[in-house]
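File shown: target-v6.pdb. Contents: PDB, C-alpha atoms and all ligand atoms.
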```
MODEL        1
ATOM      1  CA  MET U1188      13.243   6.698  -8.559  1.00  0.00           C
ATOM      2  CA  THR U1189       9.522   6.638  -7.779  1.00  0.00           C
ATOM      3  CA  LEU U1190       9.594   6.220  -3.998  1.00  0.00           C
ATOM      4  CA  VAL U1191      12.523   7.202  -1.813  1.00  0.00           C
ATOM      5  CA  LEU U1192      12.717   6.961   1.965  1.00  0.00           C
ATOM      6  CA  ASP U1193      15.883   8.796   2.925  1.00  0.00           C
ATOM      7  CA  ASP U1194      17.293   8.281   6.436  1.00  0.00           C
ATOM      8  CA  ILE U1195      13.909   8.148   8.171  1.00  0.00           C
ATOM      9  CA  THR U1196      13.662   8.178  11.951  1.00  0.00           C
ATOM     10  CA  LEU U1197      10.226   8.032  13.562  1.00  0.00           C
ATOM     11  CA  THR U1198       9.517   8.086  17.299  1.00  0.00           C
ATOM     12  CA  TYR U1199       6.277   7.854  19.269  1.00  0.00           C
ATOM     13  CA  PRO U1200       5.595   9.214  22.763  1.00  0.00           C
ATOM     14  CA  ASP U1201       6.132   6.416  25.280  1.00  0.00           C
ATOM     15  CA  GLY U1202       5.450   7.222  28.909  1.00  0.00           C
ATOM     16  CA  GLY U1203       7.871  10.032  29.746  1.00  0.00           C
ATOM     17  CA  GLY U1204      10.230   9.182  26.864  1.00  0.00           C
ATOM     18  CA  ARG U1205      10.112   8.292  23.169  1.00  0.00           C
ATOM     19  CA  LEU U1206       9.947   4.913  21.474  1.00  0.00           C
ATOM     20  CA  THR U1207      11.954   4.669  18.255  1.00  0.00           C
ATOM     21  CA  ALA U1208       9.757   2.882  15.700  1.00  0.00           C
ATOM     22  CA  LEU U1209      12.004   3.573  12.666  1.00  0.00           C
ATOM     23  CA  ASP U1210      15.726   4.166  13.043  1.00  0.00           C
ATOM     24  CA  SER U1211      17.626   5.710  10.088  1.00  0.00           C
ATOM     25  CA  VAL U1212      15.679   3.759   7.472  1.00  0.00           C
ATOM     26  CA  SER U1213      16.515   4.267   3.793  1.00  0.00           C
ATOM     27  CA  LEU U1214      14.736   2.505   0.931  1.00  0.00           C
ATOM     28  CA  GLU U1215      14.450   3.197  -2.794  1.00  0.00           C
ATOM     29  CA  VAL U1216      11.722   1.614  -4.875  1.00  0.00           C
ATOM     30  CA  PRO U1217      11.812   2.007  -8.664  1.00  0.00           C
ATOM     31  CA  ALA U1218       8.764   1.890 -10.931  1.00  0.00           C
ATOM     32  CA  GLY U1219       7.549  -1.639 -11.594  1.00  0.00           C
ATOM     33  CA  CYS U1220       9.346  -3.111  -8.579  1.00  0.00           C
ATOM     34  CA  LEU U1221       7.516  -5.156  -5.950  1.00  0.00           C
ATOM     35  CA  THR U1222       9.393  -4.867  -2.647  1.00  0.00           C
ATOM     36  CA  ALA U1223       8.239  -7.074   0.214  1.00  0.00           C
ATOM     37  CA  VAL U1224       8.784  -6.009   3.820  1.00  0.00           C
ATOM     38  CA  VAL U1225       8.954  -8.667   6.515  1.00  0.00           C
ATOM     39  CA  GLY U1226       9.852  -8.586  10.198  1.00  0.00           C
ATOM     40  CA  PRO U1227       8.587  -9.596  13.611  1.00  0.00           C
ATOM     41  CA  SER U1228       5.509  -8.074  15.221  1.00  0.00           C
ATOM     42  CA  GLY U1229       6.260  -4.560  16.476  1.00  0.00           C
ATOM     43  CA  SER U1230       9.392  -4.174  14.350  1.00  0.00           C
ATOM     44  CA  GLY U1231       8.080  -1.113  12.470  1.00  0.00           C
ATOM     45  CA  LYS U1232       6.507  -2.430   9.254  1.00  0.00           C
ATOM     46  CA  SER U1233       3.209  -0.537   9.566  1.00  0.00           C
ATOM     47  CA  SER U1234       5.086   2.584  10.633  1.00  0.00           C
ATOM     48  CA  LEU U1235       7.205   2.337   7.484  1.00  0.00           C
ATOM     49  CA  LEU U1236       4.076   2.121   5.310  1.00  0.00           C
ATOM     50  CA  ALA U1237       2.425   5.031   7.154  1.00  0.00           C
ATOM     51  CA  VAL U1238       5.499   7.220   6.571  1.00  0.00           C
ATOM     52  CA  ALA U1239       5.716   6.176   2.898  1.00  0.00           C
ATOM     53  CA  ALA U1240       2.011   7.018   2.561  1.00  0.00           C
ATOM     54  CA  THR U1241       2.786  10.508   3.944  1.00  0.00           C
ATOM     55  CA  LEU U1242       0.132   9.859   6.611  1.00  0.00           C
ATOM     56  CA  VAL U1243       2.707  10.154   9.395  1.00  0.00           C
ATOM     57  CA  THR U1244       5.517  12.737   9.396  1.00  0.00           C
ATOM     58  CA  PRO U1245       8.870  11.356  10.529  1.00  0.00           C
ATOM     59  CA  ASP U1246      11.042  13.102  13.125  1.00  0.00           C
ATOM     60  CA  ARG U1247      13.904  13.088  10.651  1.00  0.00           C
ATOM     61  CA  GLY U1248      14.522  12.183   7.022  1.00  0.00           C
ATOM     62  CA  ARG U1249      12.805  12.715   3.690  1.00  0.00           C
ATOM     63  CA  VAL U1250      10.065  10.950   1.730  1.00  0.00           C
ATOM     64  CA  LEU U1251      10.211  11.571  -2.010  1.00  0.00           C
ATOM     65  CA  VAL U1252       7.290  10.537  -4.185  1.00  0.00           C
ATOM     66  CA  ALA U1253       7.741  10.812  -7.955  1.00  0.00           C
ATOM     67  CA  GLY U1254      10.626  13.219  -7.350  1.00  0.00           C
ATOM     68  CA  THR U1255       8.793  15.528  -4.922  1.00  0.00           C
ATOM     69  CA  ASP U1256      10.123  15.968  -1.399  1.00  0.00           C
ATOM     70  CA  THR U1257       6.824  15.604   0.468  1.00  0.00           C
ATOM     71  CA  GLY U1258       8.206  17.318   3.588  1.00  0.00           C
ATOM     72  CA  THR U1259       8.337  20.629   1.725  1.00  0.00           C
ATOM     73  CA  LEU U1260       4.600  20.574   0.923  1.00  0.00           C
ATOM     74  CA  SER U1261       1.725  22.152   2.851  1.00  0.00           C
ATOM     75  CA  PRO U1262      -0.738  19.650   4.379  1.00  0.00           C
ATOM     76  CA  ALA U1263      -3.217  20.420   1.579  1.00  0.00           C
ATOM     77  CA  ALA U1264      -0.602  19.933  -1.152  1.00  0.00           C
ATOM     78  CA  ARG U1265       0.526  16.711   0.510  1.00  0.00           C
ATOM     79  CA  ALA U1266      -3.068  15.413   0.557  1.00  0.00           C
ATOM     80  CA  GLN U1267      -3.340  16.267  -3.133  1.00  0.00           C
ATOM     81  CA  LEU U1268      -0.098  14.434  -3.915  1.00  0.00           C
ATOM     82  CA  ARG U1269      -1.341  11.456  -1.919  1.00  0.00           C
ATOM     83  CA  ALA U1270      -4.628  11.358  -3.866  1.00  0.00           C
ATOM     84  CA  GLU U1271      -2.828  11.568  -7.198  1.00  0.00           C
ATOM     85  CA  HIS U1272       0.212   9.391  -6.607  1.00  0.00           C
ATOM     86  CA  ILE U1273      -0.360   6.926  -3.779  1.00  0.00           C
ATOM     87  CA  GLY U1274      -2.659   3.904  -3.701  1.00  0.00           C
ATOM     88  CA  ILE U1275      -3.134   2.232  -0.332  1.00  0.00           C
ATOM     89  CA  VAL U1276      -4.466  -1.279   0.289  1.00  0.00           C
ATOM     90  CA  PHE U1277      -5.214  -1.989   3.922  1.00  0.00           C
ATOM     91  CA  GLN U1278      -5.584  -5.421   5.470  1.00  0.00           C
ATOM     92  CA  GLN U1279      -9.380  -5.201   5.575  1.00  0.00           C
ATOM     93  CA  PRO U1280     -11.096  -4.006   2.427  1.00  0.00           C
ATOM     94  CA  HIS U1281     -13.489  -1.469   4.100  1.00  0.00           C
ATOM     95  CA  LEU U1282     -15.828  -1.442   1.134  1.00  0.00           C
ATOM     96  CA  LEU U1283     -19.014   0.608   1.338  1.00  0.00           C
ATOM     97  CA  PRO U1284     -21.845  -1.901   1.937  1.00  0.00           C
ATOM     98  CA  SER U1285     -24.442  -0.237  -0.297  1.00  0.00           C
ATOM     99  CA  LEU U1286     -22.265   0.192  -3.388  1.00  0.00           C
ATOM    100  CA  THR U1287     -21.628  -2.278  -6.205  1.00  0.00           C
ATOM    101  CA  ALA U1288     -18.082  -3.329  -7.062  1.00  0.00           C
ATOM    102  CA  LEU U1289     -18.070  -0.905  -9.992  1.00  0.00           C
ATOM    103  CA  GLU U1290     -19.333   1.967  -7.819  1.00  0.00           C
ATOM    104  CA  GLN U1291     -16.648   1.320  -5.156  1.00  0.00           C
ATOM    105  CA  LEU U1292     -14.087   2.155  -7.838  1.00  0.00           C
ATOM    106  CA  GLN U1293     -15.982   5.046  -9.377  1.00  0.00           C
ATOM    107  CA  VAL U1294     -16.459   6.888  -6.108  1.00  0.00           C
ATOM    108  CA  MET U1295     -12.676   7.187  -5.649  1.00  0.00           C
ATOM    109  CA  ALA U1296     -12.162   8.821  -9.002  1.00  0.00           C
ATOM    110  CA  HIS U1297     -15.167  11.128  -8.675  1.00  0.00           C
ATOM    111  CA  LEU U1298     -13.624  12.385  -5.449  1.00  0.00           C
ATOM    112  CA  ALA U1299     -10.460  13.157  -7.405  1.00  0.00           C
ATOM    113  CA  GLY U1300     -12.555  15.163  -9.897  1.00  0.00           C
ATOM    114  CA  ARG U1301     -12.209  12.913 -12.948  1.00  0.00           C
ATOM    115  CA  ARG U1302     -14.673  12.896 -15.867  1.00  0.00           C
ATOM    116  CA  PRO U1303     -17.545  10.360 -15.437  1.00  0.00           C
ATOM    117  CA  LYS U1304     -17.061   8.610 -18.780  1.00  0.00           C
ATOM    118  CA  GLU U1305     -13.326   8.205 -18.271  1.00  0.00           C
ATOM    119  CA  VAL U1306     -13.984   6.984 -14.723  1.00  0.00           C
ATOM    120  CA  ARG U1307     -16.504   4.344 -15.837  1.00  0.00           C
ATOM    121  CA  GLU U1308     -14.149   2.989 -18.507  1.00  0.00           C
ATOM    122  CA  ARG U1309     -11.212   2.823 -16.132  1.00  0.00           C
ATOM    123  CA  ALA U1310     -13.294   1.138 -13.424  1.00  0.00           C
ATOM    124  CA  ARG U1311     -14.459  -1.530 -15.887  1.00  0.00           C
ATOM    125  CA  ASP U1312     -10.914  -2.013 -17.161  1.00  0.00           C
ATOM    126  CA  LEU U1313      -9.570  -2.498 -13.616  1.00  0.00           C
ATOM    127  CA  LEU U1314     -12.361  -4.863 -12.576  1.00  0.00           C
ATOM    128  CA  GLY U1315     -11.419  -6.913 -15.647  1.00  0.00           C
ATOM    129  CA  ALA U1316      -7.738  -6.767 -14.679  1.00  0.00           C
ATOM    130  CA  VAL U1317      -8.531  -8.245 -11.252  1.00  0.00           C
ATOM    131  CA  GLY U1318     -10.779 -10.941 -12.761  1.00  0.00           C
ATOM    132  CA  LEU U1319     -14.113  -9.477 -11.666  1.00  0.00           C
ATOM    133  CA  ALA U1320     -15.584  -8.214 -14.949  1.00  0.00           C
ATOM    134  CA  ASP U1321     -18.684 -10.341 -14.390  1.00  0.00           C
ATOM    135  CA  ARG U1322     -19.145  -9.201 -10.755  1.00  0.00           C
ATOM    136  CA  ALA U1323     -19.361  -5.448 -11.455  1.00  0.00           C
ATOM    137  CA  ALA U1324     -22.937  -5.243 -10.155  1.00  0.00           C
ATOM    138  CA  ALA U1325     -22.308  -7.266  -6.970  1.00  0.00           C
ATOM    139  CA  ARG U1326     -22.360  -5.603  -3.548  1.00  0.00           C
ATOM    140  CA  PRO U1327     -19.769  -6.539  -0.888  1.00  0.00           C
ATOM    141  CA  HIS U1328     -22.017  -9.102   0.878  1.00  0.00           C
ATOM    142  CA  GLN U1329     -22.396 -10.929  -2.447  1.00  0.00           C
ATOM    143  CA  LEU U1330     -18.617 -11.285  -2.875  1.00  0.00           C
ATOM    144  CA  SER U1331     -16.175 -13.743  -1.306  1.00  0.00           C
ATOM    145  CA  GLY U1332     -13.323 -12.504   0.921  1.00  0.00           C
ATOM    146  CA  GLY U1333     -10.860 -12.931  -1.941  1.00  0.00           C
ATOM    147  CA  GLN U1334     -13.122 -11.065  -4.341  1.00  0.00           C
ATOM    148  CA  ARG U1335     -13.557  -8.208  -1.866  1.00  0.00           C
ATOM    149  CA  GLN U1336      -9.789  -7.925  -1.555  1.00  0.00           C
ATOM    150  CA  ARG U1337      -9.581  -7.804  -5.380  1.00  0.00           C
ATOM    151  CA  VAL U1338     -12.050  -4.897  -5.431  1.00  0.00           C
ATOM    152  CA  ASN U1339      -9.926  -3.237  -2.740  1.00  0.00           C
ATOM    153  CA  ILE U1340      -6.797  -3.557  -4.891  1.00  0.00           C
ATOM    154  CA  ALA U1341      -8.555  -2.352  -8.046  1.00  0.00           C
ATOM    155  CA  ARG U1342      -9.906   0.635  -6.097  1.00  0.00           C
ATOM    156  CA  ALA U1343      -6.392   1.596  -4.959  1.00  0.00           C
ATOM    157  CA  LEU U1344      -5.328   1.703  -8.614  1.00  0.00           C
ATOM    158  CA  MET U1345      -8.212   3.901  -9.829  1.00  0.00           C
ATOM    159  CA  ASN U1346      -6.272   7.148  -9.783  1.00  0.00           C
ATOM    160  CA  GLU U1347      -3.249   5.585 -11.531  1.00  0.00           C
ATOM    161  CA  PRO U1348      -0.917   5.869  -8.536  1.00  0.00           C
ATOM    162  CA  SER U1349       2.820   5.710  -9.092  1.00  0.00           C
ATOM    163  CA  VAL U1350       3.238   4.222  -5.601  1.00  0.00           C
ATOM    164  CA  LEU U1351       1.204   1.283  -4.276  1.00  0.00           C
ATOM    165  CA  LEU U1352       1.395   0.479  -0.547  1.00  0.00           C
ATOM    166  CA  VAL U1353      -0.089  -2.800   0.606  1.00  0.00           C
ATOM    167  CA  ASP U1354      -0.479  -3.975   4.224  1.00  0.00           C
ATOM    168  CA  GLU U1355      -0.953  -7.723   4.786  1.00  0.00           C
ATOM    169  CA  PRO U1356      -3.346  -8.253   1.854  1.00  0.00           C
ATOM    170  CA  THR U1357      -3.658 -11.992   2.347  1.00  0.00           C
ATOM    171  CA  SER U1358      -4.132 -12.243   6.114  1.00  0.00           C
ATOM    172  CA  ALA U1359      -7.890 -12.865   5.852  1.00  0.00           C
ATOM    173  CA  LEU U1360      -7.548 -15.362   2.996  1.00  0.00           C
ATOM    174  CA  ASP U1361      -6.763 -19.063   2.768  1.00  0.00           C
ATOM    175  CA  HIS U1362      -3.457 -20.069   1.194  1.00  0.00           C
ATOM    176  CA  GLU U1363      -4.764 -20.534  -2.335  1.00  0.00           C
ATOM    177  CA  ARG U1364      -6.685 -17.238  -2.434  1.00  0.00           C
ATOM    178  CA  GLY U1365      -3.747 -15.487  -0.764  1.00  0.00           C
ATOM    179  CA  ALA U1366      -1.393 -16.778  -3.460  1.00  0.00           C
ATOM    180  CA  ALA U1367      -3.808 -15.591  -6.165  1.00  0.00           C
ATOM    181  CA  VAL U1368      -3.940 -12.089  -4.630  1.00  0.00           C
ATOM    182  CA  MET U1369      -0.121 -12.012  -4.482  1.00  0.00           C
ATOM    183  CA  ASP U1370       0.092 -13.036  -8.149  1.00  0.00           C
ATOM    184  CA  LEU U1371      -2.348 -10.267  -8.947  1.00  0.00           C
ATOM    185  CA  ILE U1372      -0.338  -7.597  -7.097  1.00  0.00           C
ATOM    186  CA  ALA U1373       2.916  -8.772  -8.705  1.00  0.00           C
ATOM    187  CA  GLY U1374       1.265  -8.731 -12.153  1.00  0.00           C
ATOM    188  CA  LEU U1375      -0.281  -5.285 -11.685  1.00  0.00           C
ATOM    189  CA  THR U1376       3.029  -3.882 -10.397  1.00  0.00           C
ATOM    190  CA  ALA U1377       4.795  -4.974 -13.580  1.00  0.00           C
ATOM    191  CA  GLU U1378       1.950  -4.088 -15.930  1.00  0.00           C
ATOM    192  CA  ARG U1379       1.065  -0.679 -14.433  1.00  0.00           C
ATOM    193  CA  GLY U1380       4.631   0.217 -13.406  1.00  0.00           C
ATOM    194  CA  THR U1381       3.875   1.044  -9.787  1.00  0.00           C
ATOM    195  CA  ALA U1382       6.565   1.219  -7.123  1.00  0.00           C
ATOM    196  CA  THR U1383       4.948  -1.293  -4.772  1.00  0.00           C
ATOM    197  CA  VAL U1384       5.794  -1.910  -1.113  1.00  0.00           C
ATOM    198  CA  LEU U1385       4.026  -4.856   0.466  1.00  0.00           C
ATOM    199  CA  VAL U1386       4.095  -5.857   4.121  1.00  0.00           C
ATOM    200  CA  THR U1387       3.542  -9.539   4.727  1.00  0.00           C
ATOM    201  CA  HIS U1388       3.886 -12.092   7.494  1.00  0.00           C
ATOM    202  CA  ASP U1389       3.675 -14.946   5.050  1.00  0.00           C
ATOM    203  CA  ARG U1390       7.084 -16.006   3.768  1.00  0.00           C
ATOM    204  CA  ALA U1391       5.416 -18.349   1.294  1.00  0.00           C
ATOM    205  CA  HIS U1392       4.510 -15.262  -0.730  1.00  0.00           C
ATOM    206  CA  LEU U1393       7.978 -13.757  -0.972  1.00  0.00           C
ATOM    207  CA  ALA U1394       8.832 -15.523  -4.218  1.00  0.00           C
ATOM    208  CA  ARG U1395       6.503 -13.097  -6.026  1.00  0.00           C
ATOM    209  CA  ALA U1396       8.492 -10.057  -4.886  1.00  0.00           C
ATOM    210  CA  ALA U1397      11.458  -8.670  -6.815  1.00  0.00           C
ATOM    211  CA  ARG U1398      13.224  -8.273  -3.474  1.00  0.00           C
ATOM    212  CA  THR U1399      12.588  -8.577   0.235  1.00  0.00           C
ATOM    213  CA  VAL U1400      13.763  -6.287   3.026  1.00  0.00           C
ATOM    214  CA  THR U1401      13.600  -7.170   6.720  1.00  0.00           C
ATOM    215  CA  VAL U1402      12.814  -4.781   9.562  1.00  0.00           C
ATOM    216  CA  HIS U1403      14.246  -5.490  13.005  1.00  0.00           C
ATOM    217  CA  ASP U1404      13.702  -3.074  15.889  1.00  0.00           C
ATOM    218  CA  GLY U1405      13.043  -0.246  13.449  1.00  0.00           C
ATOM    219  CA  ARG U1406      16.126  -0.875  11.323  1.00  0.00           C
ATOM    220  CA  LEU U1407      16.208  -2.222   7.781  1.00  0.00           C
ATOM    221  CA  THR U1408      18.626  -4.958   6.918  1.00  0.00           C
ATOM    222  CA  ALA U1409      20.289  -4.804   3.503  1.00  0.00           C
ATOM    223  CA  PRO U1410      17.859  -5.816   0.752  1.00  0.00           C
ATOM    224  CA  VAL U1411      17.820  -9.570   0.280  1.00  0.00           C
ATOM    225  CA  SER U1412      16.851 -11.152  -3.011  1.00  0.00           C
ATOM    226  CA  ALA U1413      13.758 -13.326  -2.859  1.00  0.00           C
TER     227      ALA U1413
HETATM  228  N1  LIG D   1       0.617   5.302  17.588  1.00  0.00           N
HETATM  229  C1  LIG D   1       1.587   4.752  18.312  1.00  0.00           C
HETATM  230  N2  LIG D   1       1.964   5.240  19.508  1.00  0.00           N
HETATM  231  C2  LIG D   1       2.970   4.698  20.234  1.00  0.00           C
HETATM  232  N3  LIG D   1       3.661   3.613  19.835  1.00  0.00           N
HETATM  233  C3  LIG D   1       3.328   3.061  18.662  1.00  0.00           C
HETATM  234  C4  LIG D   1       2.279   3.577  17.833  1.00  0.00           C
HETATM  235  N4  LIG D   1       2.188   2.809  16.713  1.00  0.00           N
HETATM  236  C5  LIG D   1       3.129   1.860  16.825  1.00  0.00           C
HETATM  237  N5  LIG D   1       3.825   1.994  17.982  1.00  0.00           N
HETATM  238  C6  LIG D   1       4.968   1.177  18.429  1.00  0.00           C
HETATM  239  O1  LIG D   1       5.981   1.299  17.433  1.00  0.00           O
HETATM  240  C7  LIG D   1       6.619   0.040  17.194  1.00  0.00           C
HETATM  241  C8  LIG D   1       6.450  -0.368  15.717  1.00  0.00           C
HETATM  242  O2  LIG D   1       5.068  -0.631  15.495  1.00  0.00           O
HETATM  243  P1  LIG D   1       4.499  -1.055  14.060  1.00  0.00           P
HETATM  244  O3  LIG D   1       3.017  -1.079  14.167  1.00  0.00           O
HETATM  245  O4  LIG D   1       5.103  -0.204  13.017  1.00  0.00           O
HETATM  246  O5  LIG D   1       5.077  -2.553  13.935  1.00  0.00           O
HETATM  247  P2  LIG D   1       4.688  -3.732  12.919  1.00  0.00           P
HETATM  248  O6  LIG D   1       5.981  -4.346  12.506  1.00  0.00           O
HETATM  249  O7  LIG D   1       3.798  -3.221  11.868  1.00  0.00           O
HETATM  250  O8  LIG D   1       3.899  -4.739  13.882  1.00  0.00           O
HETATM  251  P3  LIG D   1       2.763  -5.849  13.518  1.00  0.00           P
HETATM  252  O9  LIG D   1       3.441  -6.864  12.620  1.00  0.00           O
HETATM  253  O10 LIG D   1       2.426  -6.416  14.871  1.00  0.00           O
HETATM  254  O11 LIG D   1       1.634  -5.118  12.865  1.00  0.00           O
HETATM  255  C9  LIG D   1       5.989  -0.939  18.180  1.00  0.00           C
HETATM  256  O12 LIG D   1       6.814  -0.997  19.319  1.00  0.00           O
HETATM  257  C10 LIG D   1       4.653  -0.297  18.517  1.00  0.00           C
HETATM  258  O13 LIG D   1       4.234  -0.681  19.811  1.00  0.00           O
ENDMDL
END
```

When written as structure tokens, how does the structure in this file appear?
Ligand SMILES: Nc1ncnc2c1ncn2[C@@H]1O[C@H](COP(=O)(O)OP(=O)(O)OP(=O)(O)O)[C@@H](O)[C@H]1O
Amino acid sequence: MTLVLDDITLTYPDGGGRLTALDSVSLEVPAGCLTAVVGPSGSGKSSLLAVAATLVTPDRGRVLVAGTDTGTLSPAARAQLRAEHIGIVFQQPHLLPSLTALEQLQVMAHLAGRRPKEVRERARDLLGAVGLADRAAARPHQLSGGQRQRVNIARALMNEPSVLLVDEPTSALDHERGAAVMDLIAGLTAERGTATVLVTHDRAHLARAARTVTVHDGRLTAPVSA
């Protein structure tokens, strides 16, 4: 199992007490499986992604990534595991304004210490996979919103993550572009074998997911087939 959340409880300070954002949440995501997470505003979806990304440490429970219990690692080892195994796509692309599409991808891999030639080939391959082979030299202001989100997704895949975490990737896009981005994520999940968790508000996109889970007041309902 590539990603395992095992009995996760997460609380935040709330006035004098604690607010329970995740309450005994368990979820297993195998390689190549696109799992959608839906739920009302404030139900805990972003918290679930932050815990899965090992960016937030839960009060209780375990997060296993590619078989490693991340709670047993030092902060430095956890950061290393995150860089090697976890790709994160946030709602807004946050591309660097001065870099071309190709360079946005390359910079990620250089940071991870990969060889330049290998990095260039992989970046070109991924830009092709997201349909932007001919836009490699374009800077963010020369790309449409949908194209920027495609660069964002390709960038998250640069270090060949086994886990892909995606937060509302279509919220800034119109329906047609949103559907195209969902098709892309579903295709890449199958093709690259990532364990993908995707938070979405848009139920129209759930058909692309292998399964859908719902969060209510920090609790997961039993997985529901899309
Ligand atoms: N850093 C924080 N400190 C305190 N409370 C927080 C913090 N982050 C989130 N919360 C609270 O935890 C609960 C879950 O929030 P979370 O952001 O995970 O929900 P969500 O389902 O992603 O919401 P949305 O769909 O509106 O983005 C909410 O009640 C929220 O107010």

So how far away is CA of Arg1311 in chain U from CA of Arg1395 in chain U, in Å? 25.9 Å

Please check which protein, DNA or RNA residues sit within 7 Å of ligand LIG 1 (chain D), counting all atoms listed in the file, and write them as a PyMOL selection string. chain U and resi 1199-1201+1206-1208+1226-1235+1405

The PyMOL selection byres (((chain U and resi 1189-1193) around 6) and not hetatm) applied to the shown file, residues as a PyMOL selection string: chain U and resi 1188+1194-1195+1213-1218+1248-1253

If the PyMOL selection byres (((chain U and resi 1350-1364) around 8) and not hetatm) were run on this exact file, what residues would it hold? Put them as a VMD selection string. chain U and resid 1189 to 1190 1233 1236 1239 to 1240 1252 1272 to 1279 1332 to 1333 1336 1343 to 1344 1348 to 1349 1365 to 1369 1381 to 1388

Just say which residues the PyMOL selection byres (((chain U and resi 1288) around 10) and not hetatm) picks in this file, as a PyMOL selection string. chain U and resi 1282-1287+1289-1293+1310-1311+1314+1319-1320+1322-1327+1329-1330+1334-1335+1337-1339+1341-1342

Exercise: Ala1396 in chain U partners within 12 Å, all atoms listed in the file, chain neighbours under 3 positions left out, as a compact mmCIF listing (two decimals) with C-alpha atoms, in the coordinates of the input:
```
# COMPACT_ATOMS: atom_id res chain seq x y z
CA GLY U 1219 7.55 -1.64 -11.59
CA CYS U 1220 9.35 -3.11 -8.58
CA LEU U 1221 7.52 -5.16 -5.95
CA THR U 1222 9.39 -4.87 -2.65
CA ALA U 1223 8.24 -7.07 0.21
CA VAL U 1224 8.78 -6.01 3.82
CA VAL U 1225 8.95 -8.67 6.52
CA MET U 1369 -0.12 -12.01 -4.48
CA ASP U 1370 0.09 -13.04 -8.15
CA LEU U 1371 -2.35 -10.27 -8.95
CA ILE U 1372 -0.34 -7.60 -7.10
CA ALA U 1373 2.92 -8.77 -8.70
CA GLY U 1374 1.26 -8.73 -12.15
CA THR U 1376 3.03 -3.88 -10.40
CA ALA U 1377 4.80 -4.97 -13.58
CA ALA U 1382 6.56 1.22 -7.12
CA THR U 1383 4.95 -1.29 -4.77
CA VAL U 1384 5.79 -1.91 -1.11
CA LEU U 1385 4.03 -4.86 0.47
CA VAL U 1386 4.10 -5.86 4.12
CA THR U 1387 3.54 -9.54 4.73
CA ARG U 1390 7.08 -16.01 3.77
CA ALA U 1391 5.42 -18.35 1.29
CA HIS U 1392 4.51 -15.26 -0.73
CA LEU U 1393 7.98 -13.76 -0.97
CA THR U 1399 12.59 -8.58 0.24
CA VAL U 1400 13.76 -6.29 3.03
CA PRO U 1410 17.86 -5.82 0.75
CA VAL U 1411 17.82 -9.57 0.28
CA SER U 1412 16.85 -11.15 -3.01
CA ALA U 1413 13.76 -13.33 -2.86
```

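The closest residue to Thr1401 in chain U, picked from U:Leu1242, U:Leu1313, U:Val1212, U:Val1294 and counting all atoms listed in the file, is U:Val1212.
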
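CA of Arg1379 in chain U sits 17.0 Å away from CA of Ala1270 in chain U.
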
One decimal place gives the CA of Thr1408 in chain U-CA of Leu1209 in chain U separation as 12.2 Å

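If all atoms listed in the file are the atoms counted, then among U:Gly1202, U:Pro1280, U:Pro1245, U:Gly1300 the closest residue to Thr1257 in chain U is U:Pro1245.
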
Put a box with edges along x, y and z around all the listed atoms of range 1369-1378 of chain U, pad it by 6 Å on each side, then give me its centre and sizes in Å, one decimal, as lines of an AutoDock Vina configuration file.
```
center_x = 1.2
center_y = -8.5
center_z = -10.2
size_x = 19.1
size_y = 21.2
size_z = 23.4
```

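Ranking U:Met1295, U:Thr1255, U:Gly1203, U:His1281 by their shortest atom-to-atom distance to His1328 in chain U, with all atoms listed in the file included, puts U:His1281 first.
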
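Remark: for His1297 in chain U, the closest of the candidate residues U:Leu1268, U:Met1345, U:Thr1196, U:Asp1312 is U:Met1345 (distances computed over all atoms listed in the file).
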
Nearest candidate to Thr1198 in chain U (options U:Val1238, U:Ala1394, U:Ile1340, U:Ala1296; using only C-alpha atoms): U:Val1238
